$ cat data-v3.cif   # mmCIF, C-alpha atoms and all ligand atoms
data_coords
loop_
_atom_site.label_atom_id
_atom_site.label_comp_id
_atom_site.auth_asym_id
_atom_site.auth_seq_id
_atom_site.Cartn_x
_atom_site.Cartn_y
_atom_site.Cartn_z
CA MET A 1 52.13 15.63 32.29
CA ARG A 2 53.28 16.78 28.90
CA GLU A 3 56.40 18.48 30.32
CA LYS A 4 57.26 15.43 32.32
CA GLY A 5 57.00 13.32 29.17
CA GLU A 6 59.32 15.64 27.32
CA ASP A 7 61.80 15.53 30.15
CA SER A 8 61.97 11.82 30.21
CA VAL A 9 62.41 11.69 26.43
CA ASP A 10 65.31 14.07 26.84
CA ARG A 11 66.97 12.13 29.58
CA ARG A 12 66.64 8.81 27.87
CA LEU A 13 67.91 10.14 24.59
CA LYS A 14 70.84 11.76 26.31
CA SER A 15 71.78 8.48 27.87
CA GLY A 16 71.30 6.87 24.47
CA SER A 17 73.70 9.26 22.81
CA SER A 18 76.30 8.64 25.49
CA GLY A 19 76.31 5.00 24.56
CA HIS A 20 74.18 3.48 27.32
CA SER A 21 71.22 2.66 25.12
CA ARG A 22 70.24 -0.97 25.29
CA ARG A 23 68.15 -0.84 22.16
CA GLY A 24 68.41 1.19 18.95
CA PHE A 25 65.81 3.87 19.70
CA ILE A 26 64.77 6.44 17.13
CA GLN A 27 67.28 9.28 17.06
CA LYS A 28 66.59 12.34 19.19
CA THR A 29 66.77 14.68 16.21
CA ALA A 30 64.35 12.61 14.17
CA LEU A 31 61.96 12.47 17.09
CA ALA A 32 62.24 16.22 17.69
CA THR A 33 61.59 16.95 14.03
CA PHE A 34 58.61 14.66 14.02
CA GLY A 35 57.30 16.23 17.20
CA ALA A 36 57.69 19.70 15.72
CA LEU A 37 55.76 18.67 12.60
CA LEU A 38 53.08 17.18 14.74
CA GLY A 39 52.99 20.29 16.94
CA THR A 40 53.04 18.11 20.04
CA PRO A 41 55.66 15.87 21.68
CA VAL A 42 55.62 12.10 21.11
CA VAL A 43 54.97 11.13 24.70
CA PHE A 44 56.38 7.60 24.65
CA GLY A 45 58.85 8.40 21.90
CA ARG A 46 61.60 6.88 23.97
CA PHE A 47 60.09 3.42 23.48
CA LEU A 48 59.81 3.67 19.69
CA PRO A 49 62.10 0.97 18.22
CA LYS A 50 64.49 1.91 15.46
CA GLY A 51 63.05 1.25 12.03
CA ILE A 52 59.47 1.83 13.11
CA ILE A 53 58.20 5.10 11.67
CA PRO A 54 55.38 6.82 13.54
CA ILE A 55 52.16 6.72 11.51
CA GLY A 56 50.87 10.00 12.90
CA LEU A 57 51.58 12.12 9.85
CA ASP A 58 48.23 11.20 8.42
CA PHE A 59 46.29 13.24 10.91
CA LEU A 60 48.54 16.28 10.74
CA GLY A 61 45.94 18.51 9.07
CA ASP A 62 42.98 17.47 11.19
CA PRO A 63 43.15 19.69 14.25
CA LEU A 64 42.98 22.79 12.05
CA VAL A 65 40.02 21.80 9.92
CA ILE A 66 36.94 24.01 10.29
CA SER A 67 33.75 22.02 10.60
CA GLY A 68 31.88 21.99 7.28
CA LYS A 69 34.89 23.31 5.37
CA HIS A 70 37.24 21.71 2.86
CA LYS A 71 40.37 20.57 4.66
CA GLU A 72 42.67 22.45 2.30
CA LEU A 73 41.32 25.86 3.27
CA LEU A 74 44.15 27.93 4.68
CA ILE A 75 43.36 29.07 8.22
CA LEU A 76 44.82 32.51 8.88
CA ASN A 77 43.26 32.94 12.29
CA ASP A 78 40.92 30.82 14.39
CA ARG A 79 39.62 33.47 16.79
CA PRO A 80 37.86 34.97 14.94
CA ILE A 81 37.81 32.43 12.13
CA ASN A 82 39.45 33.63 8.95
CA ALA A 83 40.23 31.14 6.24
CA GLU A 84 40.98 31.44 2.55
CA THR A 85 40.57 29.10 -0.37
CA PRO A 86 43.58 28.06 -2.48
CA PRO A 87 42.87 29.13 -6.10
CA HIS A 88 42.73 25.56 -7.44
CA LEU A 89 39.81 24.86 -5.10
CA LEU A 90 37.83 27.71 -6.67
CA ASP A 91 37.48 25.86 -9.98
CA ASP A 92 33.72 25.26 -9.61
CA LEU A 93 31.48 27.58 -11.63
CA VAL A 94 29.41 28.17 -8.48
CA THR A 95 31.46 28.18 -5.27
CA PRO A 96 30.25 25.35 -2.98
CA ALA A 97 29.72 26.15 0.71
CA ASP A 98 32.69 24.11 1.89
CA LYS A 99 35.03 26.09 -0.36
CA LEU A 100 33.87 29.64 0.37
CA PHE A 101 36.39 31.72 2.35
CA VAL A 102 35.40 32.82 5.85
CA ARG A 103 35.97 36.28 7.24
CA ASN A 104 34.66 36.88 10.74
CA ASN A 105 35.41 39.98 12.77
CA GLY A 106 33.78 38.70 15.94
CA ASN A 107 32.17 35.57 17.38
CA PRO A 108 29.29 34.20 15.30
CA PRO A 109 26.04 33.68 17.18
CA HIS A 110 24.90 30.16 18.04
CA SER A 111 21.60 28.44 18.74
CA ILE A 112 19.57 30.57 16.39
CA ASP A 113 15.81 30.10 16.30
CA GLU A 114 14.50 30.89 12.81
CA GLU A 115 10.94 31.04 14.15
CA ILE A 116 11.61 34.14 16.22
CA TRP A 117 14.23 35.81 14.01
CA THR A 118 13.21 39.28 12.84
CA LEU A 119 14.54 42.00 10.60
CA THR A 120 13.88 45.60 11.58
CA VAL A 121 14.23 48.45 9.11
CA ASP A 122 14.68 51.82 10.80
CA GLY A 123 16.84 54.95 10.62
CA GLU A 124 16.32 58.69 10.07
CA SER A 125 15.18 58.15 6.50
CA VAL A 126 12.34 55.64 6.95
CA LYS A 127 8.82 56.97 7.25
CA THR A 128 8.01 54.50 10.06
CA PRO A 129 10.27 51.66 11.27
CA LYS A 130 8.99 48.21 10.39
CA THR A 131 9.81 44.68 11.57
CA TYR A 132 9.46 41.48 9.54
CA THR A 133 9.65 37.86 10.60
CA LEU A 134 11.55 35.52 8.30
CA ALA A 135 8.24 33.98 7.23
CA GLU A 136 6.93 37.42 6.24
CA LEU A 137 10.04 38.22 4.22
CA LYS A 138 9.72 34.89 2.42
CA SER A 139 6.02 35.19 1.64
CA ARG A 140 5.49 38.90 1.02
CA PHE A 141 8.11 39.62 -1.61
CA GLU A 142 9.22 38.21 -4.95
CA GLU A 143 11.97 35.61 -4.48
CA VAL A 144 15.10 36.09 -6.57
CA THR A 145 18.28 34.05 -7.08
CA TYR A 146 21.54 35.52 -8.30
CA GLN A 147 25.11 34.33 -8.40
CA LEU A 148 27.04 37.17 -6.75
CA THR A 149 30.80 37.55 -6.35
CA ILE A 150 31.95 38.47 -2.86
CA GLU A 151 35.59 39.36 -2.32
CA CYS A 152 37.16 40.64 0.89
CA GLY A 153 38.58 44.15 0.43
CA GLY A 154 41.86 42.85 1.89
CA ASN A 155 42.20 39.94 -0.54
CA GLY A 156 45.84 39.94 -1.74
CA ARG A 157 47.01 41.99 1.26
CA SER A 158 50.03 39.73 1.90
CA GLU A 159 51.85 41.08 -1.15
CA PHE A 160 52.03 44.72 -0.05
CA ASN A 161 55.37 46.17 0.94
CA PRO A 162 55.82 47.60 3.50
CA PRO A 163 53.37 45.04 4.90
CA ALA A 164 49.92 46.09 6.00
CA LYS A 165 48.49 44.84 9.29
CA GLY A 166 45.53 42.49 9.22
CA ASN A 167 44.85 39.02 7.89
CA GLN A 168 47.60 38.19 5.44
CA TRP A 169 45.28 37.03 2.67
CA GLY A 170 46.85 35.42 -0.38
CA ASN A 171 44.36 35.56 -3.25
CA GLY A 172 41.62 33.19 -2.10
CA ALA A 173 39.32 35.52 -0.13
CA VAL A 174 36.80 35.46 -2.96
CA GLY A 175 33.94 33.27 -4.12
CA CYS A 176 30.77 33.32 -6.16
CA PRO A 177 27.95 31.25 -4.65
CA SER A 178 24.35 31.60 -5.70
CA TRP A 179 22.16 33.54 -3.27
CA THR A 180 18.39 33.40 -2.85
CA GLY A 181 16.27 35.97 -1.11
CA VAL A 182 14.39 39.18 -1.82
CA LYS A 183 15.42 42.45 -3.35
CA LEU A 184 16.46 44.96 -0.72
CA LYS A 185 14.67 47.66 -2.72
CA ASP A 186 11.34 45.81 -2.50
CA VAL A 187 11.64 45.75 1.28
CA LEU A 188 12.79 49.39 1.47
CA ASN A 189 9.86 50.45 -0.74
CA ASP A 190 7.47 48.46 1.46
CA VAL A 191 8.78 50.24 4.55
CA GLY A 192 8.68 53.61 2.79
CA ILE A 193 11.84 55.67 2.64
CA LYS A 194 12.24 59.43 2.61
CA GLU A 195 13.70 61.56 -0.17
CA ASN A 196 16.73 62.34 1.97
CA ALA A 197 17.96 58.71 2.27
CA VAL A 198 21.72 58.54 1.65
CA TYR A 199 23.02 55.23 2.98
CA VAL A 200 21.81 51.84 4.26
CA GLY A 201 23.76 50.32 7.17
CA TYR A 202 23.47 46.74 8.46
CA TYR A 203 23.55 45.27 11.96
CA GLY A 204 24.17 41.60 12.78
CA VAL A 205 24.19 39.69 16.04
CA ASP A 206 27.76 38.41 16.16
CA THR A 207 29.50 39.39 19.39
CA HIS A 208 32.62 41.43 20.02
CA LEU A 209 35.84 39.50 20.68
CA SER A 210 36.37 41.48 23.89
CA GLY A 211 33.28 39.80 25.35
CA ASP A 212 31.64 43.24 25.73
CA THR A 213 28.12 42.51 24.50
CA SER A 214 27.26 46.21 24.19
CA LYS A 215 29.86 46.62 21.45
CA VAL A 216 28.89 46.21 17.80
CA VAL A 217 31.45 44.10 15.87
CA ILE A 218 31.00 45.65 12.47
CA SER A 219 28.23 47.70 10.88
CA ARG A 220 28.91 48.80 7.34
CA GLY A 221 26.66 49.50 4.40
CA VAL A 222 26.23 50.99 0.95
CA PRO A 223 24.94 54.23 -0.57
CA ILE A 224 21.20 54.21 -1.34
CA LYS A 225 21.91 53.95 -5.09
CA LYS A 226 23.68 50.59 -4.68
CA ALA A 227 21.02 49.44 -2.20
CA MET A 228 18.27 50.05 -4.79
CA GLU A 229 19.88 47.90 -7.52
CA ASN A 230 18.08 44.73 -8.59
CA GLU A 231 20.95 42.47 -7.47
CA SER A 232 21.23 43.94 -3.95
CA ILE A 233 19.49 41.28 -1.91
CA ILE A 234 18.51 40.10 1.54
CA ALA A 235 19.32 36.40 1.32
CA TRP A 236 18.40 33.31 3.33
CA LYS A 237 19.75 30.66 1.01
CA MET A 238 23.18 29.99 -0.41
CA ASN A 239 23.41 27.45 -3.23
CA GLY A 240 19.81 26.38 -2.55
CA GLU A 241 20.37 25.54 1.13
CA ASN A 242 20.09 27.51 4.34
CA ILE A 243 23.05 29.88 4.57
CA PRO A 244 25.68 28.06 6.68
CA ASN A 245 26.23 29.42 10.22
CA LEU A 246 29.66 30.80 9.42
CA HIS A 247 28.25 32.72 6.46
CA GLY A 248 25.40 34.44 8.27
CA PHE A 249 22.52 32.01 9.00
CA PRO A 250 19.64 32.74 8.89
CA LEU A 251 19.84 36.07 7.02
CA ARG A 252 22.41 38.31 5.36
CA VAL A 253 22.61 41.13 2.85
CA VAL A 254 24.66 40.51 -0.29
CA PHE A 255 26.11 43.30 -2.40
CA GLY A 256 27.96 41.64 -5.29
CA GLY A 257 31.06 43.36 -6.66
CA TRP A 258 31.64 45.50 -3.57
CA PRO A 259 34.00 44.71 -0.67
CA ALA A 260 32.42 41.68 1.01
CA SER A 261 32.50 43.64 4.28
CA THR A 262 29.33 45.37 3.00
CA SER A 263 27.54 41.98 2.92
CA GLY A 264 26.45 41.84 6.55
CA LYS A 265 25.90 38.43 8.12
CA TRP A 266 23.42 37.38 10.86
CA LEU A 267 21.31 40.34 9.80
CA THR A 268 18.70 41.69 12.24
CA ARG A 269 18.54 45.37 11.40
CA LEU A 270 18.95 47.74 8.50
CA SER A 271 19.26 51.43 9.15
CA VAL A 272 18.31 53.85 6.37
CA ARG A 273 20.47 56.87 7.06
CA ASN A 274 20.18 60.52 6.02
CA LYS A 275 24.01 60.70 5.93
CA GLU A 276 26.91 58.35 5.28
CA HIS A 277 26.51 55.44 7.71
CA ASP A 278 28.80 55.74 10.74
CA GLY A 279 28.78 52.23 12.26
CA PRO A 280 31.98 50.47 13.44
CA LYS A 281 34.44 49.96 10.54
CA MET A 282 32.90 52.62 8.33
CA GLY A 283 35.23 55.41 9.41
CA GLY A 284 38.93 55.96 10.14
CA GLN A 285 41.18 53.74 8.09
CA SER A 286 38.81 50.74 7.82
CA TYR A 287 37.90 49.68 4.29
CA ARG A 288 39.25 52.98 3.02
CA VAL A 289 42.16 53.83 0.74
CA PRO A 290 43.96 57.13 0.20
CA CYS A 291 41.81 59.35 -2.05
CA LYS A 292 45.00 60.15 -3.98
CA PRO A 293 47.90 57.67 -4.41
CA VAL A 294 50.59 57.88 -1.70
CA ALA A 295 54.20 56.68 -1.39
CA PRO A 296 54.53 53.20 0.16
CA GLY A 297 54.72 53.39 3.94
CA SER A 298 53.05 56.82 4.21
CA GLU A 299 50.81 57.72 7.09
CA VAL A 300 47.57 59.04 5.70
CA PRO A 301 45.22 61.17 7.83
CA ASP A 302 41.67 59.80 8.13
CA ASN A 303 40.19 62.75 6.24
CA GLU A 304 42.29 61.88 3.18
CA MET A 305 40.96 58.32 3.05
CA CYS A 306 38.02 57.37 0.79
CA ILE A 307 35.58 54.46 1.20
CA VAL A 308 36.20 51.49 -1.10
CA GLU A 309 33.16 50.94 -3.31
CA SER A 310 33.19 48.80 -6.49
CA MET A 311 36.10 46.29 -6.42
CA PRO A 312 38.75 46.44 -9.18
CA VAL A 313 39.06 44.07 -12.16
CA LYS A 314 40.65 40.75 -11.20
CA SER A 315 41.00 37.11 -12.22
CA LEU A 316 42.18 33.75 -10.96
CA ILE A 317 43.67 30.69 -12.60
CA THR A 318 41.74 27.84 -10.99
CA TYR A 319 43.09 25.04 -13.18
CA PRO A 320 45.71 23.70 -13.08
CA LYS A 321 47.09 24.01 -9.58
CA THR A 322 50.37 25.90 -9.39
CA GLY A 323 53.46 23.67 -9.40
CA GLY A 324 52.14 21.22 -11.97
CA ILE A 325 54.47 19.09 -14.08
CA LEU A 326 53.64 18.45 -17.71
CA LYS A 327 54.90 15.14 -19.05
CA SER A 328 55.13 14.04 -22.69
CA ARG A 329 53.04 16.89 -24.07
CA ARG A 330 53.48 20.60 -24.51
CA SER A 331 49.94 21.95 -24.51
CA LEU A 332 47.86 22.67 -21.47
CA GLU A 333 44.29 23.79 -20.89
CA VAL A 334 44.18 26.69 -18.44
CA ARG A 335 41.01 28.15 -16.97
CA GLY A 336 39.56 30.31 -14.24
CA HIS A 337 37.20 33.15 -13.42
CA ALA A 338 37.33 36.93 -13.79
CA TRP A 339 35.27 39.72 -12.21
CA ALA A 340 35.30 43.51 -12.11
CA GLY A 341 33.14 44.95 -9.34
CA ASP A 342 30.07 46.71 -10.73
CA VAL A 343 31.10 46.29 -14.36
CA GLU A 344 31.77 43.36 -16.68
CA VAL A 345 35.07 41.85 -17.71
CA ALA A 346 35.55 42.55 -21.43
CA VAL A 347 38.72 40.66 -22.34
CA MET A 348 40.89 37.97 -20.79
CA HIS A 349 44.54 37.38 -21.67
CA VAL A 350 47.23 34.92 -20.61
CA SER A 351 51.00 35.02 -21.00
CA ILE A 352 53.63 32.27 -20.69
CA ASP A 353 56.62 34.60 -21.24
CA PHE A 354 56.37 36.88 -18.21
CA GLY A 355 54.13 39.37 -19.96
CA GLN A 356 56.16 39.85 -23.17
CA THR A 357 53.28 38.58 -25.28
CA TRP A 358 49.66 37.84 -24.45
CA GLN A 359 47.13 35.52 -26.02
CA LYS A 360 43.40 36.03 -25.79
CA ALA A 361 41.39 33.50 -23.80
CA ALA A 362 37.76 32.57 -24.42
CA LEU A 363 35.60 34.54 -21.98
CA GLU A 364 31.98 33.79 -21.10
CA LYS A 365 29.30 36.31 -20.21
CA PRO A 366 28.26 36.34 -16.54
CA VAL A 367 25.14 34.28 -15.72
CA ASN A 368 23.74 37.51 -14.29
CA ARG A 369 25.09 40.94 -13.48
CA LEU A 370 27.74 40.89 -10.70
CA ALA A 371 28.57 37.17 -11.12
CA TRP A 372 32.11 36.18 -12.03
CA GLN A 373 32.86 35.10 -15.61
CA HIS A 374 34.59 31.93 -16.72
CA TRP A 375 37.53 31.92 -19.08
CA SER A 376 39.64 29.20 -20.63
CA THR A 377 42.37 28.75 -23.19
CA THR A 378 45.07 26.34 -24.28
CA VAL A 379 48.70 27.34 -23.98
CA ASN A 380 51.53 25.72 -25.93
CA PHE A 381 54.99 25.57 -24.42
CA PRO A 382 57.81 25.73 -27.03
CA GLU A 383 60.32 23.55 -25.14
CA SER A 384 61.02 21.86 -21.81
CA GLY A 385 61.66 24.09 -18.84
CA TYR A 386 60.09 26.25 -16.15
CA TYR A 387 57.20 28.51 -17.09
CA GLU A 388 54.74 30.78 -15.42
CA VAL A 389 51.24 31.29 -16.68
CA TRP A 390 49.99 34.80 -15.96
CA ALA A 391 46.35 35.81 -16.29
CA LYS A 392 45.15 39.35 -16.95
CA ALA A 393 41.59 40.60 -17.13
CA THR A 394 40.49 43.91 -18.66
CA ASP A 395 37.14 45.42 -17.73
CA ALA A 396 34.51 47.11 -19.88
CA THR A 397 35.93 50.55 -19.04
CA GLY A 398 39.37 49.53 -20.38
CA LYS A 399 41.04 49.05 -16.99
CA ALA A 400 43.36 46.03 -16.83
CA GLN A 401 44.97 44.16 -13.96
CA PRO A 402 48.50 45.36 -13.22
CA MET A 403 51.35 42.83 -13.38
CA VAL A 404 52.83 44.22 -10.17
CA VAL A 405 51.14 45.06 -6.87
CA PRO A 406 49.15 48.28 -7.41
CA ASP A 407 48.83 51.42 -5.25
CA TRP A 408 50.17 50.79 -1.78
CA ASN A 409 47.69 51.80 0.91
CA PRO A 410 47.94 51.70 4.71
CA LYS A 411 45.53 48.80 5.26
CA GLY A 412 46.47 46.74 2.22
CA TYR A 413 43.22 46.75 0.25
CA LEU A 414 42.51 46.23 -3.46
CA ASN A 415 45.53 44.25 -4.62
CA ASN A 416 44.40 43.10 -8.05
CA ALA A 417 47.81 42.13 -9.47
CA CYS A 418 47.81 39.32 -12.08
CA HIS A 419 47.54 35.81 -10.67
CA ARG A 420 50.41 33.53 -11.69
CA ILE A 421 51.00 29.80 -11.58
CA ALA A 422 54.22 27.81 -12.11
CA ILE A 423 54.44 24.91 -14.57
CA LYS A 424 57.39 22.62 -15.27
CA VAL A 425 57.47 21.07 -18.73
CA LEU A 426 59.54 17.87 -18.91
N1 LIG A 501 27.92 40.51 10.93
C1 LIG A 501 29.06 40.42 10.22
N2 LIG A 501 29.03 40.53 8.88
C2 LIG A 501 30.17 40.45 8.16
C3 LIG A 501 31.43 40.27 8.79
C4 LIG A 501 31.45 40.13 10.21
O1 LIG A 501 32.48 39.94 10.84
N3 LIG A 501 30.23 40.21 10.89
N4 LIG A 501 32.56 40.25 8.04
C5 LIG A 501 32.50 40.93 6.75
C6 LIG A 501 33.67 40.75 5.92
S1 LIG A 501 35.00 41.74 6.27
C7 LIG A 501 33.68 39.89 4.85
S2 LIG A 501 35.02 39.82 3.81
C8 LIG A 501 32.53 39.03 4.57
C9 LIG A 501 32.95 37.58 4.50
O2 LIG A 501 31.88 36.77 4.16
P1 LIG A 501 31.99 35.19 4.27
O3 LIG A 501 32.63 34.86 5.60
O4 LIG A 501 30.61 34.68 4.14
O5 LIG A 501 32.88 34.71 3.15
O6 LIG A 501 31.49 39.16 5.53
C10 LIG A 501 31.26 40.47 5.98
N5 LIG A 501 30.09 40.52 6.82
MO MO A 502 36.54 41.51 4.46
#
$ encode --input "data-v3.cif" --output "structure tokens"
Amino acid sequence: MREKGEDSVDRRLKSGSSGHSRRGFIQKTALATFGALLGTPVVFGRFLPKGIIPIGLDFLGDPLVISGKHKELLILNDRPINAETPPHLLDDLVTPADKLFVRNNGNPPHSIDEEIWTLTVDGESVKTPKTYTLAELKSRFEEVTYQLTIECGGNGRSEFNPPAKGNQWGNGAVGCPSWTGVKLKDVLNDVGIKENAVYVGYYGVDTHLSGDTSKVVISRGVPIKKAMENESIIAWKMNGENIPNLHGFPLRVVFGGWPASTSGKWLTRLSVRNKEHDGPKMGGQSYRVPCKPVAPGSEVPDNEMCIVESMPVKSLITYPKTGGILKSRRSLEVRGHAWAGDVEVAVMHVSIDFGQTWQKAALEKPVNRLAWQHWSTTVNFPESGYYEVWAKATDATGKAQPMVVPDWNPKGYLNNACHRIAIKVL
């Protein structure tokens, strides 16, 4: 049907261009351009009178909107769903559910029954495996709520050269919602773990893209030391509501400050290991970077790759949106968030002269450990023209964000280069 429609548009337009048109139809090129924008042909385009402009542009964004998500999220892939948040949409102090990036490696489960959902804790290093219902988890342990920053290890990947394969994330694969649940350590202590425990791995019930239900999509984890921290939690609420389906309903682990790939969604099992966990995407090149810096484009053998743990210091300018135009005034309030993995951000700077000089911004303390920190300042532009505002965070250990893309690595992880926005002053 669709092809036939296109054909007839073609024929009619051809006859139009050879002078046989009885009416002034919309030009072929205009129609083709419009069709390309729309991503679908205008079936009866041949009947559209000259001067009448199709109204369809309004629904251009709709087919790509993810249910429950802000329509400006940038969809990088829809099978599995991967979508990032433009920095100006991350302006909220606490990231709302509709603005949190989505990173799925497989197909999320559907039709989940909370009543029969269980979490099993097993592995070589538990004394005896134990299974909890959701109700037991909720009633037997102290409930805690923390705001925790989760950032995909590949956030910023699109800037690496030579390019790294994988989702070409800009800088919006990060967010800081508030999470409610129980401390992982309380549960591990209740189960009883052995002296020789080294690592805790997670298992979820999403399914492999191949359709092979025996294959585990992803099963990563953290060393026992990180697992036993106060802020390492098993969560069932995000921002006071049930965790949305895409983010792991009804249960997930959350390890703030570490690659978000450690925060397993749709959690049904935790395995306390007597060695480094070896689930899918723990080994090889996944979520690993060269132990020592390498030249861009190098091939690095698996045994010279090290697991990414705490994420590097980073910040975002969330207001204003890049591309803003400043009329009849020369000062501008700029603000955003900064985070630094397991440690705090100590200082925040901005520059309007491409890094020649830096001014200090006001920086708040995190609401709790491993939550991002808010910063703000006012910049004054000396004259009309094009400017860039650059933001640079420095962590408590003295490490600062680089102005250029840092250490190239085969999979494009850990790009913490300064975020920049463009401003035109009239
Ligand atoms: N079960 C499961 N957990 C998972 C994933 C997944 O595909 N399946 N993706 C991981 C990765 S790589 C990231 S970056 C985060 C993304 O979390 P979000 O989609 O809630 O933002 O979830 C992690 N947990
Ligand atoms: Mo990720």
$ atom_distance --input "data-v3.cif" --atom1 "atom S1 of ligand LIG 501 (chain A)" --atom2 "CA of Ala391 in chain A"
25.9 Å
$ closest_atom_pairs --input "data-v3.cif" --of "chain A" --to "ligand LIG 501 (chain A)" --cutoff "6 Å" --atoms "all atoms listed in the file" --output "CSV"
residue,atom,partner,partner_atom,distance
A:Leu100,CA,A:LIG501,O5,5.9
A:Phe101,CA,A:LIG501,O5,4.7
A:Val102,CA,A:LIG501,O3,3.4
A:Arg103,CA,A:LIG501,O3,4.0
A:Asn104,CA,A:LIG501,O1,3.8
A:Asn105,CA,A:LIG501,O1,3.5
A:Gly106,CA,A:LIG501,O1,5.4
A:Cys152,CA,A:LIG501,S2,3.7
A:Gly204,CA,A:LIG501,N1,4.3
A:Asp206,CA,A:LIG501,N1,5.6
A:Ile218,CA,A:LIG501,N3,5.7
A:His247,CA,A:LIG501,O4,3.8
A:Ala260,CA,A:LIG501,S2,4.2
A:Ser261,CA,A:LIG501,C6,3.5
A:Ser263,CA,A:LIG501,N5,4.9
A:Gly264,CA,A:LIG501,N2,3.7
A:Lys265,CA,A:LIG501,N2,3.8
A:Trp266,CA,A:LIG501,N1,5.5
$ closest_residue --input "data-v3.cif" --among "A:Glu124, A:Asp78, A:Glu231, A:Glu151" --to "ligand MO 502 (chain A)" --atoms "all atoms listed in the file"
A:Glu151
$ closest_atom_pairs --input "data-v3.cif" --of "chain A" --to "ligand MO 502 (chain A)" --cutoff "12 Å" --atoms "all atoms listed in the file" --output "JSON lines"
{"residue": "A:Ile81", "atom": "CA", "partner": "A:MO502", "partner_atom": "MO", "distance": 12.0}
{"residue": "A:Asn82", "atom": "CA", "partner": "A:MO502", "partner_atom": "MO", "distance": 9.5}
{"residue": "A:Ala83", "atom": "CA", "partner": "A:MO502", "partner_atom": "MO", "distance": 11.1}
{"residue": "A:Glu84", "atom": "CA", "partner": "A:MO502", "partner_atom": "MO", "distance": 11.2}
{"residue": "A:Phe101", "atom": "CA", "partner": "A:MO502", "partner_atom": "MO", "distance": 10.0}
{"residue": "A:Val102", "atom": "CA", "partner": "A:MO502", "partner_atom": "MO", "distance": 8.9}
{"residue": "A:Arg103", "atom": "CA", "partner": "A:MO502", "partner_atom": "MO", "distance": 6.0}
{"residue": "A:Asn104", "atom": "CA", "partner": "A:MO502", "partner_atom": "MO", "distance": 8.0}
{"residue": "A:Asn105", "atom": "CA", "partner": "A:MO502", "partner_atom": "MO", "distance": 8.5}
{"residue": "A:Ile150", "atom": "CA", "partner": "A:MO502", "partner_atom": "MO", "distance": 9.2}
{"residue": "A:Glu151", "atom": "CA", "partner": "A:MO502", "partner_atom": "MO", "distance": 7.2}
{"residue": "A:Cys152", "atom": "CA", "partner": "A:MO502", "partner_atom": "MO", "distance": 3.7}
{"residue": "A:Gly153", "atom": "CA", "partner": "A:MO502", "partner_atom": "MO", "distance": 5.2}
{"residue": "A:Gly154", "atom": "CA", "partner": "A:MO502", "partner_atom": "MO", "distance": 6.1}
{"residue": "A:Asn155", "atom": "CA", "partner": "A:MO502", "partner_atom": "MO", "distance": 7.7}
{"residue": "A:Gly156", "atom": "CA", "partner": "A:MO502", "partner_atom": "MO", "distance": 11.3}
{"residue": "A:Arg157", "atom": "CA", "partner": "A:MO502", "partner_atom": "MO", "distance": 11.0}
{"residue": "A:Gly166", "atom": "CA", "partner": "A:MO502", "partner_atom": "MO", "distance": 10.2}
{"residue": "A:Asn167", "atom": "CA", "partner": "A:MO502", "partner_atom": "MO", "distance": 9.3}
{"residue": "A:Gln168", "atom": "CA", "partner": "A:MO502", "partner_atom": "MO", "distance": 11.6}
{"residue": "A:Trp169", "atom": "CA", "partner": "A:MO502", "partner_atom": "MO", "distance": 10.0}
{"residue": "A:Gly172", "atom": "CA", "partner": "A:MO502", "partner_atom": "MO", "distance": 11.7}
{"residue": "A:Ala173", "atom": "CA", "partner": "A:MO502", "partner_atom": "MO", "distance": 8.0}
{"residue": "A:Val174", "atom": "CA", "partner": "A:MO502", "partner_atom": "MO", "distance": 9.6}
{"residue": "A:Ile218", "atom": "CA", "partner": "A:MO502", "partner_atom": "MO", "distance": 10.6}
{"residue": "A:Arg220", "atom": "CA", "partner": "A:MO502", "partner_atom": "MO", "distance": 10.9}
{"residue": "A:Trp258", "atom": "CA", "partner": "A:MO502", "partner_atom": "MO", "distance": 10.2}
{"residue": "A:Pro259", "atom": "CA", "partner": "A:MO502", "partner_atom": "MO", "distance": 6.6}
{"residue": "A:Ala260", "atom": "CA", "partner": "A:MO502", "partner_atom": "MO", "distance": 5.4}
{"residue": "A:Ser261", "atom": "CA", "partner": "A:MO502", "partner_atom": "MO", "distance": 4.6}
{"residue": "A:Thr262", "atom": "CA", "partner": "A:MO502", "partner_atom": "MO", "distance": 8.3}
{"residue": "A:Ser263", "atom": "CA", "partner": "A:MO502", "partner_atom": "MO", "distance": 9.1}
{"residue": "A:Gly264", "atom": "CA", "partner": "A:MO502", "partner_atom": "MO", "distance": 10.3}
{"residue": "A:Lys265", "atom": "CA", "partner": "A:MO502", "partner_atom": "MO", "distance": 11.7}
{"residue": "A:Lys281", "atom": "CA", "partner": "A:MO502", "partner_atom": "MO", "distance": 10.6}
{"residue": "A:Ser286", "atom": "CA", "partner": "A:MO502", "partner_atom": "MO", "distance": 10.1}
{"residue": "A:Tyr287", "atom": "CA", "partner": "A:MO502", "partner_atom": "MO", "distance": 8.3}
{"residue": "A:Arg288", "atom": "CA", "partner": "A:MO502", "partner_atom": "MO", "distance": 11.9}
{"residue": "A:Val308", "atom": "CA", "partner": "A:MO502", "partner_atom": "MO", "distance": 11.4}
{"residue": "A:Met311", "atom": "CA", "partner": "A:MO502", "partner_atom": "MO", "distance": 11.9}
{"residue": "A:Lys411", "atom": "CA", "partner": "A:MO502", "partner_atom": "MO", "distance": 11.6}
{"residue": "A:Gly412", "atom": "CA", "partner": "A:MO502", "partner_atom": "MO", "distance": 11.4}
{"residue": "A:Tyr413", "atom": "CA", "partner": "A:MO502", "partner_atom": "MO", "distance": 9.5}
{"residue": "A:Leu414", "atom": "CA", "partner": "A:MO502", "partner_atom": "MO", "distance": 11.0}
